[in-house]
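Here is the file my_file.cif (mmCIF, C-alpha atoms).
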```cif
data_input
#
loop_
_atom_site.label_atom_id
_atom_site.label_comp_id
_atom_site.auth_asym_id
_atom_site.auth_seq_id
_atom_site.Cartn_x
_atom_site.Cartn_y
_atom_site.Cartn_z
CA MET V 1 95.75 92.35 85.50
CA THR V 2 96.98 94.71 88.20
CA GLN V 3 97.84 92.94 91.42
CA GLU V 4 95.34 93.18 94.28
CA ILE V 5 96.27 95.71 96.93
CA LEU V 6 95.33 93.59 99.96
CA ARG V 7 97.20 90.32 99.77
CA PRO V 8 99.21 88.18 102.17
CA GLY V 9 102.65 89.67 102.53
CA GLY V 10 101.62 93.01 101.07
CA LEU V 11 103.02 96.11 102.76
CA ALA V 12 101.21 99.05 104.35
CA LEU V 13 102.55 102.12 106.13
CA VAL V 14 100.26 103.76 108.68
CA THR V 15 100.98 107.12 110.31
CA GLY V 16 99.53 107.81 113.73
CA ALA V 17 99.38 104.06 114.25
CA SER V 18 99.92 103.93 118.01
CA SER V 19 96.29 104.55 118.98
CA GLY V 20 92.78 105.35 117.80
CA ILE V 21 91.92 105.15 114.11
CA GLY V 22 95.48 104.45 112.98
CA LEU V 23 95.84 101.50 115.33
CA ALA V 24 92.43 100.13 114.30
CA ILE V 25 93.31 100.32 110.60
CA ALA V 26 96.70 98.70 111.19
CA LYS V 27 95.14 95.79 113.04
CA ARG V 28 92.57 95.28 110.30
CA LEU V 29 95.41 95.15 107.78
CA LEU V 30 97.29 92.64 109.92
CA ALA V 31 94.16 90.49 110.04
CA LYS V 32 94.40 90.37 106.23
CA ASP V 33 97.95 89.00 106.57
CA MET V 34 99.47 92.28 105.42
CA ARG V 35 102.74 93.53 106.85
CA VAL V 36 102.54 96.94 108.50
CA ILE V 37 105.08 99.70 109.04
CA ALA V 38 103.61 101.34 112.14
CA THR V 39 104.68 104.94 112.62
CA ALA V 40 104.07 107.50 115.33
CA ARG V 41 106.27 109.81 117.34
CA ARG V 42 106.94 107.56 120.35
CA ARG V 43 108.60 104.16 120.01
CA GLU V 44 107.46 102.86 123.40
CA THR V 45 103.80 103.55 122.62
CA LEU V 46 104.11 101.78 119.27
CA GLU V 47 105.89 98.78 120.78
CA SER V 48 103.17 98.45 123.41
CA ALA V 49 100.39 98.74 120.83
CA PHE V 50 101.86 96.03 118.58
CA ALA V 51 103.21 93.62 121.16
CA GLY V 52 102.83 90.11 119.77
CA PHE V 53 102.92 91.24 116.13
CA GLU V 54 106.69 91.57 115.84
CA ASP V 55 106.94 89.25 112.81
CA SER V 56 104.42 91.30 110.80
CA VAL V 57 105.02 94.83 112.10
CA LEU V 58 107.99 97.15 111.68
CA VAL V 59 107.82 99.75 114.44
CA HIS V 60 109.26 102.95 112.99
CA PRO V 61 109.11 106.16 115.07
CA LEU V 62 108.29 109.07 112.79
CA ASP V 63 107.24 112.68 113.23
CA VAL V 64 105.45 113.73 110.05
CA THR V 65 106.41 117.36 110.72
CA ASP V 66 110.12 116.50 110.37
CA GLY V 67 110.69 117.23 106.71
CA GLU V 68 114.16 115.73 106.31
CA THR V 69 113.24 112.49 108.05
CA VAL V 70 110.04 112.03 106.05
CA SER V 71 111.79 112.74 102.75
CA ALA V 72 114.44 110.14 103.59
CA LEU V 73 111.90 107.57 104.75
CA PRO V 74 111.71 105.31 101.66
CA GLU V 75 115.48 104.71 101.59
CA SER V 76 115.82 104.54 105.39
CA LEU V 77 113.58 101.47 105.66
CA PRO V 78 115.03 97.95 105.49
CA ALA V 79 115.21 96.70 101.91
CA ASP V 80 112.34 94.24 102.26
CA TRP V 81 110.12 96.94 103.81
CA GLN V 82 110.47 99.57 101.07
CA GLY V 83 107.84 98.51 98.51
CA VAL V 84 104.84 100.13 100.20
CA ASP V 85 101.52 99.08 98.65
CA VAL V 86 99.23 101.04 100.97
CA LEU V 87 99.81 104.40 102.64
CA VAL V 88 97.37 105.42 105.38
CA ALA V 89 97.93 109.12 106.14
CA ASN V 90 96.22 109.36 109.50
CA ALA V 91 98.37 111.37 111.93
CA GLY V 92 96.45 114.42 113.18
CA SER V 93 96.38 117.18 115.77
CA ASP V 94 93.91 119.65 117.28
CA LEU V 95 96.09 120.90 120.11
CA GLY V 96 94.35 123.76 121.88
CA GLY V 97 91.32 123.55 119.59
CA ARG V 98 87.53 123.63 120.11
CA ARG V 99 87.63 127.17 121.43
CA ASP V 100 87.16 130.65 119.98
CA PHE V 101 90.16 131.57 117.86
CA LEU V 102 91.73 134.17 120.19
CA GLU V 103 91.40 131.85 123.17
CA GLY V 104 93.94 129.47 121.67
CA GLY V 105 97.68 129.78 121.26
CA ILE V 106 99.12 130.53 117.86
CA GLU V 107 101.90 127.95 118.25
CA ASP V 108 99.31 125.25 118.96
CA TYR V 109 97.45 126.31 115.82
CA ALA V 110 100.65 126.24 113.80
CA GLN V 111 101.31 122.70 115.05
CA THR V 112 97.85 121.64 113.87
CA ILE V 113 98.49 122.98 110.38
CA GLU V 114 101.98 121.46 110.27
CA THR V 115 100.68 118.03 111.29
CA ASN V 116 97.33 117.88 109.53
CA VAL V 117 98.28 119.56 106.27
CA THR V 118 102.02 119.69 105.75
CA GLY V 119 102.53 116.29 107.36
CA VAL V 120 100.10 114.66 104.91
CA LEU V 121 101.76 116.41 101.98
CA ARG V 122 105.19 115.27 103.14
CA ILE V 123 104.33 111.59 103.55
CA CYS V 124 102.47 111.46 100.23
CA HIS V 125 105.32 113.25 98.46
CA ALA V 126 107.79 110.72 99.90
CA LEU V 127 105.90 107.51 99.09
CA LEU V 128 103.90 108.28 95.96
CA PRO V 129 106.93 108.15 93.59
CA GLY V 130 107.60 104.51 94.50
CA MET V 131 103.97 103.60 93.89
CA LEU V 132 104.03 105.28 90.49
CA GLU V 133 107.28 103.55 89.58
CA ARG V 134 105.84 100.15 90.56
CA ARG V 135 102.47 101.08 89.00
CA HIS V 136 100.77 99.78 92.11
CA GLY V 137 99.48 101.44 95.26
CA HIS V 138 96.64 102.96 97.25
CA ILE V 139 96.74 106.08 99.42
CA VAL V 140 94.08 106.44 102.12
CA ILE V 141 93.89 109.91 103.66
CA VAL V 142 91.93 110.23 106.89
CA GLY V 143 90.16 113.56 106.69
CA SER V 144 87.10 114.69 108.63
CA ILE V 145 83.58 115.94 108.07
CA SER V 146 85.08 119.15 109.49
CA GLY V 147 86.54 119.52 106.02
CA GLN V 148 83.04 119.87 104.57
CA MET V 149 81.46 122.23 107.10
CA ILE V 150 82.08 125.36 109.13
CA TYR V 151 81.18 125.57 112.82
CA ARG V 152 81.96 127.74 115.81
CA THR V 153 85.29 126.86 117.51
CA GLY V 154 86.27 124.76 114.48
CA ASN V 155 88.50 127.50 113.05
CA VAL V 156 92.02 126.07 112.58
CA TYR V 157 91.18 122.35 112.73
CA SER V 158 88.37 122.77 110.22
CA ALA V 159 90.64 124.87 108.01
CA SER V 160 93.23 122.08 108.06
CA LYS V 161 90.67 119.46 107.06
CA HIS V 162 89.24 121.67 104.30
CA ALA V 163 92.78 121.88 102.94
CA ILE V 164 93.22 118.11 103.07
CA HIS V 165 89.84 117.55 101.42
CA ALA V 166 90.95 119.76 98.53
CA PHE V 167 94.35 118.11 98.40
CA ALA V 168 92.94 114.57 98.27
CA GLY V 169 90.57 115.48 95.46
CA SER V 170 93.22 117.28 93.44
CA LEU V 171 95.76 114.50 93.98
CA ARG V 172 93.23 112.03 92.62
CA GLN V 173 92.86 114.17 89.50
CA ASP V 174 96.63 114.55 89.09
CA TYR V 175 97.15 110.78 88.96
CA LYS V 176 93.86 109.48 87.62
CA GLN V 177 95.59 108.07 84.55
CA THR V 178 97.77 105.81 86.73
CA PRO V 179 96.93 102.60 88.62
CA VAL V 180 97.46 104.35 91.99
CA ARG V 181 94.17 104.84 93.84
CA ILE V 182 93.45 107.65 96.29
CA THR V 183 90.67 107.55 98.89
CA GLU V 184 89.65 110.07 101.52
CA VAL V 185 87.79 108.79 104.58
CA LEU V 186 85.82 111.52 106.35
CA PRO V 187 84.77 110.48 109.87
CA GLY V 188 82.20 112.16 112.02
CA MET V 189 82.58 112.12 115.79
CA VAL V 190 84.84 109.23 116.83
CA ARG V 191 85.56 108.43 120.48
CA THR V 192 89.35 108.22 120.68
CA GLY V 193 92.18 109.78 122.68
CA PHE V 194 92.04 112.76 120.29
CA ALA V 195 89.93 114.93 122.60
CA ALA V 196 92.26 114.33 125.53
CA ALA V 197 95.28 115.25 123.38
CA ARG V 198 93.48 118.46 122.40
CA HIS V 199 93.46 119.38 126.10
CA SER V 200 97.02 118.22 126.86
CA GLY V 201 95.95 114.85 128.23
CA ASP V 202 92.93 115.93 130.31
CA GLU V 203 90.82 112.74 130.26
CA GLU V 204 87.96 114.24 132.28
CA GLU V 205 87.59 117.12 129.85
CA ALA V 206 87.64 114.65 126.96
CA GLN V 207 84.93 112.55 128.58
CA ARG V 208 82.73 115.63 129.06
CA PHE V 209 83.24 116.56 125.42
CA TYR V 210 82.21 113.15 124.06
CA ASP V 211 79.27 112.90 126.44
CA GLU V 212 77.79 116.03 124.85
CA TRP V 213 77.20 114.09 121.63
CA PRO V 214 74.11 111.91 121.21
CA ALA V 215 76.14 109.23 119.42
CA THR V 216 79.76 108.55 118.59
CA LEU V 217 81.72 106.17 116.42
CA GLU V 218 84.51 103.81 117.45
CA PRO V 219 87.91 103.69 115.71
CA ASP V 220 87.13 100.30 114.20
CA ASP V 221 84.12 101.79 112.41
CA ILE V 222 86.50 104.01 110.45
CA ALA V 223 88.91 101.13 109.94
CA ALA V 224 86.09 99.10 108.39
CA ALA V 225 85.39 101.92 105.93
CA ALA V 226 89.07 102.16 104.98
CA LEU V 227 89.27 98.41 104.43
CA PHE V 228 86.15 98.53 102.24
CA ALA V 229 87.92 100.94 99.90
CA LEU V 230 91.14 98.92 99.94
CA GLU V 231 89.35 95.66 99.17
CA GLN V 232 87.79 96.86 95.93
CA PRO V 233 89.10 95.32 92.69
CA PRO V 234 91.89 97.28 90.99
CA HIS V 235 89.59 98.99 88.49
CA VAL V 236 87.43 100.51 91.29
CA ASN V 237 88.48 103.63 93.19
CA ILE V 238 86.38 104.73 96.15
CA ALA V 239 87.03 108.46 96.06
CA GLU V 240 85.43 109.43 99.38
CA ILE V 241 83.66 107.74 102.27
CA THR V 242 81.82 109.88 104.83
CA VAL V 243 81.09 108.00 108.05
CA THR V 244 78.85 109.44 110.76
CA PRO V 245 77.14 107.88 113.76
CA THR V 246 73.42 107.22 113.53
CA GLY V 247 71.72 110.01 115.46
CA ASP V 248 74.59 112.43 115.03
CA LYS V 249 73.47 116.02 115.49
#
```

Can the structure in the file be given as structure tokens, please?
Amino acid sequence: MTQEILRPGGLALVTGASSGIGLAIAKRLLAKDMRVIATARRRETLESAFAGFEDSVLVHPLDVTDGETVSALPESLPADWQGVDVLVANAGSDLGGRRDFLEGGIEDYAQTIETNVTGVLRICHALLPGMLERRHGHIVIVGSISGQMIYRTGNVYSASKHAIHAFAGSLRQDYKQTPVRITEVLPGMVRTGFAAARHSGDEEEAQRFYDEWPATLEPDDIAAAALFALEQPPHVNIAEITVTPTGDK
């Protein structure tokens, strides 16, 4: 029988792991005695986030928009950290978003597409071959309900998540005859540092944005959904999980 994905000593790689949903998923995996390769752009932020977990966490700075670095990732890891069982593709951007299209900067929009779409394609393209070779693995892609709806000021961010929704579904079809499972988690409104990053670190603006919503989720709510999919027996693939707060408008 195919080996269980979540097992003591198993190996997961999480992008965008320094905060928010990525950090919450990584810590849930650590609680299952998994080892975690924690990636994000800034080493110091990662080291602070995973202080005390040094024996179980490999801090590995990574920008998913850097094509050469991502392609070289599998071979650049230490030998005993190369057999990735779980990939969590979580890194995301909405820099300059939540405004009418012409009110935003085109370079910010390009960065959103490069991170949210191309970055996910790059990391999957780099790590999926090893999973197929080992005939063992699970890819969790963190999408968004923005990938299933259209709304004013969503424009580029929503477009990026529509693309990822289509990619996740097509990837699942491409490799449905293999033991590798592919799950998309589609969160509703989650209270993280994402809104502040959208406004270049403006915490007050982020607080106003979240306060406009009647209810919000916490990062660990999404982590719980991801772990539910990962904990299923090998013959069960949870294709999609949509998670919204009770009372969400």

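Considering only C-alpha atoms, the residue among V:Ile222, V:Leu186, V:Val64, V:Val180 positioned nearest to Gly147 in chain V is V:Leu186.
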
Result set, the PyMOL selection byres ((chain V and resi 139-141) around 10) on current file, as a PyMOL selection string: chain V and resi 12-14+85-91+120+124+127-128+131+137-138+142-144+164-165+167-168+172+180-186+226-227+229-230+238-240

Selected residue of minimal separation from Arg98 in chain V among V:Tyr151, V:Leu58, V:Pro129, V:Thr69, counting all atoms listed in the file: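 Among V:Tyr151, V:Leu58, V:Pro129, V:Thr69, it is V:Tyr151 that comes nearest to Arg98 in chain V.
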
The PyMOL selection byres ((chain V and resi 19-28) around 9) applied to the shown file, residues as a PyMOL selection string: chain V and resi 12-18+29-32+34+36-38+45-46+49-50+88-91+142+190-194+218-224+226-227

Selection: 9 Å around His136 in chain V, all atoms listed in the file, excl. self and same-chain fewer than 6 positions, as a PyMOL selection string: chain V and resi 2-5+85+130+178-181

Nearest to Thr39 in chain V by atom-to-atom distance, counting all atoms listed in the file, from V:Ile150, V:Gln207, V:Val70, V:Thr216: V:Val70

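Here CA of Tyr157 in chain V and CA of Pro61 in chain V stand 24.3 Å from one another.
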
Which residue of V:Ala51, V:Ile123, V:Leu11, V:Leu95 approaches Thr65 in chain V most closely, using all atoms listed in the file: V:Ile123

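Taking CA of His125 in chain V and CA of Val243 in chain V as the two end points, the separation is 26.6 Å.
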
Polymer residues at most 10 Å from Thr246 in chain V, all atoms listed in the file, same-chain spacing of 5 or more positions, as an MDAnalysis selection string: chainID V and resid 214:217

Hits from the PyMOL selection byres ((chain V and resi 96) around 6), listed as a list of chain:residue names: V:Leu95, V:Gly97, V:Gly104, V:Asp108, V:Arg198

Between CA of Trp81 in chain V and CA of Ser170 in chain V, distance in Å (one decimal):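 Value for the CA of Trp81 in chain V-CA of Ser170 in chain V distance: 28.4 Å.
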
Closest of V:Met189, V:Leu132, V:Arg42, V:Ala225 to Gly247 in chain V - atom-to-atom distances counting only C-alpha atoms: V:Met189
